[in-house]
2 protein chains.
Amino acid sequence: MTQKVVILSTGDELTTGKVVDTNSATIAAGLFSIGVQVAAVLKVGDDREKLLWALDQARELGDLIIGTGGLGPTADDLTTETVATFLGRKIEQDEEVAEALKKRFESRRLAWTLNNLKQAQFPQGAVIIPNPAGTAPGFRVSMGQNKTLIWLSGVPQEMTRMLQETVIPWIAQQTGAQQPFLSCTFKIHGLTESKLDEMLKTLDASPHAKLSFRAHYPDLSLRLIVNGGAEQESLFTDLRRQISEILGTHVYAQSDATLEEVVGQMLLERHYSLALAESCTGGYISHRVTRIAGSSAYYCGGAITYSNDAKIRFLGVKPETLEKHGAVSRETALEMSRGIRDKTGASIGLSVTGIAGPAGGSPEKPVGTVWISIDCDHCHEARLFQFHGDRERVIVGASQAALYWLRIQLLAQKD
Amino acid sequence: MTQKVVILSTGDELTTGKVVDTNSATIAAGLFSIGVQVAAVLKVGDDREKLLWALDQARELGDLIIGTGGLGPTADDLTTETVATFLGRKIEQDEEVAEALKKRFESRRLAWTLNNLKQAQFPQGAVIIPNPAGTAPGFRVSMGQNKTLIWLSGVPQEMTRMLQETVIPWIAQQTGAQQPFLSCTFKIHGLTESKLDEMLKTLDASPHAKLSFRAHYPDLSLRLIVNGGAEQESLFTDLRRQISEILGTHVYAQSDATLEEVVGQMLLERHYSLALAESCTGGYISHRVTRIAGSSAYYCGGAITYSNDAKIRFLGVKPETLEKHGAVSRETALEMSRGIRDKTGASIGLSVTGIAGPAGGSPEKPVGTVWISIDCDHCHEARLFQFHGDRERVIVGASQAALYWLRIQLLAQKD
């Protein structure tokens with residue numbers, strides 16, 4: 001049985017662009033993991049009529065609707081009521097859920113207000129979907145004609161747990177064996193999309209295989225999908241190996257791993273420690289490194305030396321160097337990486353100094369000029385990079401280039 | 001003339017959840033700014049048949065379709081071809097665009113490959129939409145019956161410029177005077193959604209006014225919309241004033257400004273400088289502060305002191321303090337904020353030390369325990385916070401709490 005799934009996101013913030021809809025991407029990823037593809041995603045504003053219209057459209061387009069949002073306690077949370085109207089059912093309060101809600105408020109010492117009871121009300125005949133991370137549970141209800149409606153909290157963290165713990169297992173059970181496929185993601189750095197396409201032209205074509213690209217600055221992902229099960233295993237393995245060989249070190253992961261995860265794992269395996277001296281990236285590299293759980297095992301810490309004075313005090317950069325070559329120079333970058341390593345005793349010091357913009361550029365050193373330096377037992381080197389685009393883009397690009405270069409250094413020190 | 005706009009996002013990554021679709025939010029925000037609401041957003045995978053199906057659906061649902069993605073040079077970029085098929089038109093190469101493309105490659109010293117010419121091909125009769133930020137231009141083409149199709153690059157940065165510079169002005173001109181409305185966003189910290197709803201119950205109700213909430217951890221936004229033009233100005237002003245009074249300092253902006261923008265502006269106005277000592281937030285606060293253009297005017301820099309050793313060396317925290325009270329304690333937080341201020345000479349030192357998790361918690365200091373301290377001429381204080389959720393959530397929550405407390409401190413020092 002194949003299911004046509006339609007995702008329905010509600011909320012004025014979605015159709016007025018006030019917030020990015022991460023929920024439909026999370027749901028699509030969850031479904032994809034069990035081989036179910038999404039037919040369409042519909043987004044509609046937070047009002048009764050639009051929601052009714054969308055429910056109608058969605059029921060026409062698909063046989064499983066997964067909706068999110070509008071289950072909260074406030075006046076603009078209209079979902080339960082509207083869904084009940086749409087299905088021609090009454091609303092019932094679930095006393096067990098109501099009790100649990102009150103207890104939750106008590107245990108967190110939050111003031112209980114009556115409007116919270118709205119979150120214990122469901123269309124008649126609905127199966128309640130627990131919300132282990134929040135207050136408003138979701139529900140699953142039949143729409144007749146073998147069609148089902150599932151509704152989840154719109155808060156991304158809550159939605160994700162409801163999806164993983166209840167919805168995905170239920171759908172997997174319903175759909176049984178889906179059309180099988182083999183797939184793999186390559187995370188790529190340092191190639192343009194067209195260059196990548198050109199490089200992969202030599203790949204043996206197969207009607208069963210499909211490549212898709214995704215440019216997500218500063219990264220490029222390539223996804224290989226081979227339709228079929230075990231019988232296509234050798235084709236899949238062969239294509240995967242060919243791609244690996246063609247792209248070489250440009251591939252930093254054959255998974256969804258981020259560059260900071262890959263680098264963190266490498267540091268851990270080699271028993272190295274890292275310290276960072278950031279100027280134009282302003283702490284972003286440090287944030288990327290430390291958002292990985294367990295990073296304290298290899299990350300000593302760092303300095304964000306925005307001013308010259310901070311570069312001198314924290315890193316021991318010589319005032320003469322700053323005066324003669326400027327803060328954005330090979331010399332300063334080298335002294336920064338050496339300085340942070342000396343101060344922290346880390347095995348690797350990494351520094352970044354550049355011009356993030358929009359101000360501060362000059363004809364010799366335009367916005368986007370960035371020096372990156374690595375200092376370790378095997379290397380004391382600085383490299384010049386030129387990034388294009390706005391401040392955010394320069395910061396993100398510089399952080400990626402720094403981590404990528406660190407990876408290449410670590411690869412060379414395998415033994 | 002009111003337009004029903006349908007946004008069409010393409011790409012396998014959208015229906016398999018590999019990437020979050022920021023484009024449709026950006027387009028919706030742009031349309032909202034000129035008073036045009038989006039009827040629906042449709043997302044479909046990267047293949048001919050699905051795209052044809054989606055185009056068909058979209059034409060049925062709306063009279064203006066704005067699509068993104070699939071205009072690139074690679075084999076899986078199928079948009080132009082599929083749109084031409086859908087409209088029953090031929091594809092033509094635009095020599096001017098082709099020439100510009102070649103020049104762009106030359107000037108950036110990138111290798112020119114023939115597949116790039118795909119980006120100079122458009123359905124016959126299409127009006128080309130320039131792409132000032134990238135290689136693939138978009139196009140606008142009539143679908144008959146007064147319906148129009150607009151297609152833009154899927155790369156967010158490129159799409160945004162094409163939208164702002166060409167598409168929005170064109171739509172604004174087409175739609176003429178839209179139904180007018182007055183609106184305002186309140187950015188709120190420190191209240192739950194149900195508490196907010198409760199507090200606003202006393203607001204004078206009006207059939208012309210609508211409030212909508214958005215919970216986007218760790219923030220809450222409230223949007224007030226009053227339908228009508230100048231004749232509703234006094235109702236709008238009155239409601240806005242009432243909301244301001246009820247919510248008090250919980251409102252940190254009456255705009256879309258971020259907390260780091262608000263705090264940055266306050267530091268600038270008061271001629272204060274800031275230095276940060278971050279432990280569990282790992283550079284995230286520093287990143288938030290420095291992603292604001294011009295932040296070097298008030299941000300000195302900071303230290304990310306992940307290890308005890310770094311706390312001692314960079315901030316002068318006493319080893320006895322760490323031994324007696326631990327790294328996550330009032331005493332350490334106080335020495336950290338004083339230390340970073342001393343080392344940098346900043347007028348305000350802000351420190352954060354806590355347990356981001358998932359490991360490192362204990363019954364006395366569970367994951368999410370965070371001490372924040374401010375040191376300035378008027379204040380040398382530390383406060384204990386307890387955050388719930390995963391590592392990312394603790395980091396984000398702590399950064400928000402720190403910036404919010406800094407704002408409250410700055411408010412008190414108005415004169």
# chains A, B, ... in the order shown; residues from 1 in each chain; ligands from 1
>>> residues_around(residues="stretch 309-324 of chain A", least_positions_apart="6", cutoff="6 Å", atoms="only C-alpha atoms", output="NGL selection string")
:A and (335-336 or 339-340)
>>> write_last_selection(atoms="N, CA and C atoms", output="compact mmCIF listing (two decimals), in the first residue's frame")
# COMPACT_ATOMS: atom_id res chain seq x y z
N GLU A 335 50.47 35.13 14.26
CA GLU A 335 50.71 35.40 15.69
C GLU A 335 49.48 35.04 16.53
N MET A 336 48.31 35.18 15.93
CA MET A 336 47.08 34.82 16.66
C MET A 336 46.99 33.31 16.90
N GLY A 339 49.62 32.42 19.35
CA GLY A 339 49.28 33.00 20.65
C GLY A 339 48.22 32.20 21.39
N ILE A 340 47.15 31.83 20.70
CA ILE A 340 46.06 31.11 21.39
C ILE A 340 46.54 29.72 21.80
>>> residues_around(residues="A:His189", least_positions_apart="5", cutoff="9 Å", atoms="only C-alpha atoms", output="PyMOL selection string")
chain A and resi 218-221+249-252+400-401+404
>>> write_last_selection(atoms="all heavy atoms", output="short mmCIF file (atom, residue, chain, number, x, y, z; two decimals), in the first residue's frame")
data_model
loop_
_atom_site.label_atom_id
_atom_site.label_comp_id
_atom_site.auth_asym_id
_atom_site.auth_seq_id
_atom_site.Cartn_x
_atom_site.Cartn_y
_atom_site.Cartn_z
N PRO A 218 27.64 27.31 2.95
CA PRO A 218 28.71 27.23 1.96
C PRO A 218 28.92 25.81 1.44
O PRO A 218 29.96 25.52 0.90
CB PRO A 218 29.93 27.67 2.77
CG PRO A 218 29.64 27.17 4.14
CD PRO A 218 28.15 27.14 4.32
N ASP A 219 27.94 24.98 1.60
CA ASP A 219 28.08 23.56 1.32
C ASP A 219 27.32 23.12 0.09
O ASP A 219 26.38 23.77 -0.34
CB ASP A 219 27.48 22.78 2.47
CG ASP A 219 28.56 22.11 3.26
OD1 ASP A 219 29.55 21.74 2.65
OD2 ASP A 219 28.40 22.00 4.47
N LEU A 220 27.70 21.97 -0.38
CA LEU A 220 26.97 21.35 -1.48
C LEU A 220 26.72 19.91 -1.05
O LEU A 220 27.62 19.27 -0.50
CB LEU A 220 27.88 21.40 -2.70
CG LEU A 220 27.28 21.33 -4.09
CD1 LEU A 220 26.25 22.43 -4.27
CD2 LEU A 220 28.39 21.48 -5.12
N SER A 221 25.52 19.42 -1.23
CA SER A 221 25.26 18.02 -0.93
C SER A 221 24.89 17.31 -2.21
O SER A 221 24.26 17.88 -3.09
CB SER A 221 24.10 17.87 0.06
OG SER A 221 24.40 18.47 1.27
N THR A 249 39.02 14.34 -1.52
CA THR A 249 38.88 14.98 -0.20
C THR A 249 37.79 16.05 -0.17
O THR A 249 37.46 16.54 0.90
CB THR A 249 40.20 15.61 0.27
OG1 THR A 249 40.66 16.48 -0.76
CG2 THR A 249 41.25 14.57 0.58
N HIS A 250 37.26 16.42 -1.34
CA HIS A 250 36.15 17.39 -1.33
C HIS A 250 34.96 16.83 -0.55
O HIS A 250 34.14 17.59 -0.04
CB HIS A 250 35.70 17.71 -2.76
CG HIS A 250 36.66 18.57 -3.50
ND1 HIS A 250 36.89 19.88 -3.15
CD2 HIS A 250 37.48 18.32 -4.55
CE1 HIS A 250 37.79 20.41 -3.96
NE2 HIS A 250 38.18 19.48 -4.82
N VAL A 251 34.85 15.51 -0.48
CA VAL A 251 33.78 14.89 0.31
C VAL A 251 34.24 14.80 1.75
O VAL A 251 35.20 14.11 2.07
CB VAL A 251 33.45 13.47 -0.20
CG1 VAL A 251 32.44 12.79 0.73
CG2 VAL A 251 32.91 13.53 -1.62
N TYR A 252 33.56 15.53 2.65
CA TYR A 252 33.98 15.43 4.05
C TYR A 252 33.09 14.49 4.86
O TYR A 252 33.42 14.14 5.98
CB TYR A 252 34.11 16.80 4.72
CG TYR A 252 32.84 17.57 4.88
CD1 TYR A 252 31.95 17.26 5.90
CD2 TYR A 252 32.53 18.62 4.03
CE1 TYR A 252 30.78 17.97 6.05
CE2 TYR A 252 31.37 19.34 4.18
CZ TYR A 252 30.49 19.00 5.19
OH TYR A 252 29.32 19.70 5.35
N GLN A 400 33.45 27.88 7.64
CA GLN A 400 33.51 26.61 6.92
C GLN A 400 34.91 26.36 6.35
O GLN A 400 35.44 25.26 6.46
CB GLN A 400 32.47 26.64 5.78
CG GLN A 400 32.24 25.32 5.10
CD GLN A 400 31.34 24.40 5.90
OE1 GLN A 400 30.99 24.69 7.05
NE2 GLN A 400 30.97 23.29 5.31
N ALA A 401 35.51 27.41 5.79
CA ALA A 401 36.85 27.28 5.22
C ALA A 401 37.85 26.90 6.31
O ALA A 401 38.73 26.06 6.10
CB ALA A 401 37.26 28.58 4.54
N TYR A 404 37.28 23.30 7.34
CA TYR A 404 37.67 22.40 6.25
C TYR A 404 39.20 22.28 6.17
O TYR A 404 39.73 21.19 6.02
CB TYR A 404 37.10 22.89 4.92
CG TYR A 404 37.39 21.95 3.78
CD1 TYR A 404 36.69 20.75 3.66
CD2 TYR A 404 38.38 22.24 2.84
CE1 TYR A 404 36.97 19.86 2.62
CE2 TYR A 404 38.66 21.36 1.80
CZ TYR A 404 37.95 20.17 1.70
OH TYR A 404 38.22 19.30 0.67
#
>>> residues_around(residues="B:Gln386", least_positions_apart="2", cutoff="8 Å", atoms="only C-alpha atoms", output="list in words")
Gly368, Thr369, Val370, Leu384 and His388 of chain B
>>> closest_atom_pairs(of="chain A", to="chain B", cutoff="6 Å", atoms="only C-alpha atoms", output="Markdown table")
| residue | atom | partner | partner_atom | distance |
| --- | --- | --- | --- | --- |
| A:Thr15 | CA | B:Ala28 | CA | 5.4 |
| A:Thr16 | CA | B:Ala28 | CA | 4.9 |
| A:Gly17 | CA | B:Ala25 | CA | 4.0 |
| A:Val20 | CA | B:Ala25 | CA | 5.5 |
| A:Thr22 | CA | B:Val20 | CA | 5.6 |
| A:Ala25 | CA | B:Gly17 | CA | 4.0 |
| A:Thr26 | CA | B:Gly17 | CA | 5.6 |
| A:Ala28 | CA | B:Gly17 | CA | 4.6 |
| A:Ala29 | CA | B:Gly17 | CA | 4.0 |
| A:Phe32 | CA | B:Thr16 | CA | 5.4 |
| A:Val38 | CA | B:Thr15 | CA | 5.6 |
| A:Ala40 | CA | B:Lys43 | CA | 5.2 |
| A:Val41 | CA | B:Leu42 | CA | 5.1 |
| A:Leu42 | CA | B:Val41 | CA | 5.1 |
| A:Lys43 | CA | B:Ala40 | CA | 5.2 |
| A:Val44 | CA | B:Ala40 | CA | 5.8 |
| A:Pro73 | CA | B:Ser194 | CA | 6.0 |
| A:Thr74 | CA | B:Asp197 | CA | 5.7 |
| A:Ser194 | CA | B:Pro73 | CA | 5.9 |
| A:Asp197 | CA | B:Thr74 | CA | 5.7 |
| A:Gly282 | CA | B:His287 | CA | 5.2 |
| A:Gly283 | CA | B:Gly283 | CA | 4.6 |
| A:Tyr284 | CA | B:His287 | CA | 5.1 |
| A:Ser286 | CA | B:Gly283 | CA | 5.4 |
| A:His287 | CA | B:Gly283 | CA | 4.8 |
| A:Thr290 | CA | B:Gly282 | CA | 5.5 |
| A:Cys300 | CA | B:Ser307 | CA | 5.6 |
| A:Gly301 | CA | B:Thr305 | CA | 4.9 |
| A:Gly302 | CA | B:Ile304 | CA | 4.9 |
| A:Ala303 | CA | B:Ala303 | CA | 4.4 |
| A:Ile304 | CA | B:Gly302 | CA | 4.8 |
| A:Thr305 | CA | B:Gly301 | CA | 4.9 |
| A:Tyr306 | CA | B:Gly301 | CA | 5.0 |
| A:Ser307 | CA | B:Cys300 | CA | 5.7 |
>>> select_by_dssp(residues="stretch 262-319 of chain A", states="alpha helix (DSSP H)", output="count of residues only")
24
>>> residues_around(residues="stretch 265-273 of chain B", least_positions_apart="6", cutoff="6 Å", atoms="only C-alpha atoms", output="NGL selection string")
:B and (298-299 or 346-347)
>>> write_last_selection(atoms="N, CA and C atoms", output="mmCIF file, in the first residue's frame")
data_model
loop_
_atom_site.group_PDB
_atom_site.id
_atom_site.type_symbol
_atom_site.label_atom_id
_atom_site.label_comp_id
_atom_site.auth_asym_id
_atom_site.auth_seq_id
_atom_site.Cartn_x
_atom_site.Cartn_y
_atom_site.Cartn_z
ATOM 1 N N TYR B 298 30.965 48.668 19.855
ATOM 2 C CA TYR B 298 30.683 48.493 21.279
ATOM 3 C C TYR B 298 31.130 47.143 21.820
ATOM 4 N N TYR B 299 31.572 46.256 20.954
ATOM 5 C CA TYR B 299 31.993 44.943 21.440
ATOM 6 C C TYR B 299 33.517 44.858 21.443
ATOM 7 N N ALA B 346 36.475 46.824 29.289
ATOM 8 C CA ALA B 346 35.120 47.137 28.821
ATOM 9 C C ALA B 346 34.298 47.766 29.953
ATOM 10 N N SER B 347 33.270 48.520 29.610
ATOM 11 C CA SER B 347 32.434 49.079 30.684
ATOM 12 C C SER B 347 31.504 48.032 31.286
#
>>> atom_distance(atom1="atom CA of A:Asn227", atom2="atom CA of A:Leu239")
12.9 Å
>>> residues_around(residues="stretch 135-152 of chain A", least_positions_apart="6", cutoff="7 Å", atoms="only C-alpha atoms", output="list of chain:residue names")
A:Asp63, A:Leu64, A:Ile65, A:Ile66, A:Gly67, A:Thr68, A:Gly69, A:Leu71, A:Gly72, A:Leu87, A:Leu101, A:Gln119, A:Gly125, A:Ala126, A:Val127, A:Ile128, A:Ile129, A:Met159
>>> atom_distance(atom1="atom CA of A:Leu247", atom2="atom CA of A:Phe186")
9.6 Å
>>> select_by_dssp(residues="stretch 345-393 of chain B", states="strand (DSSP E)", output="list in words")
Ile348, Gly349, Leu350, Ser351, Val352, Thr353, Gly354, Thr369, Val370, Trp371, Ile372, Ser373, Ile374, Asp375, Cys376, Cys379, His380, Glu381, Ala382, Arg383, Leu384, Phe385 and Gln386 of chain B
>>> residues_around(residues="A:Asp204", least_positions_apart="6", cutoff="12 Å", atoms="only C-alpha atoms", output="list in words")
Lys210, Leu211, Leu235, Phe236, Asp238, Leu239, Arg240, Arg241, Gln242 and Ile243 of chain A
>>> residues_around(residues="B:Val226", least_positions_apart="3", cutoff="8 Å", atoms="only C-alpha atoms", output="list in words")
Phe181, Leu182, Ser183, His208, Ala209, Lys210, Gln232 and Phe236 of chain B
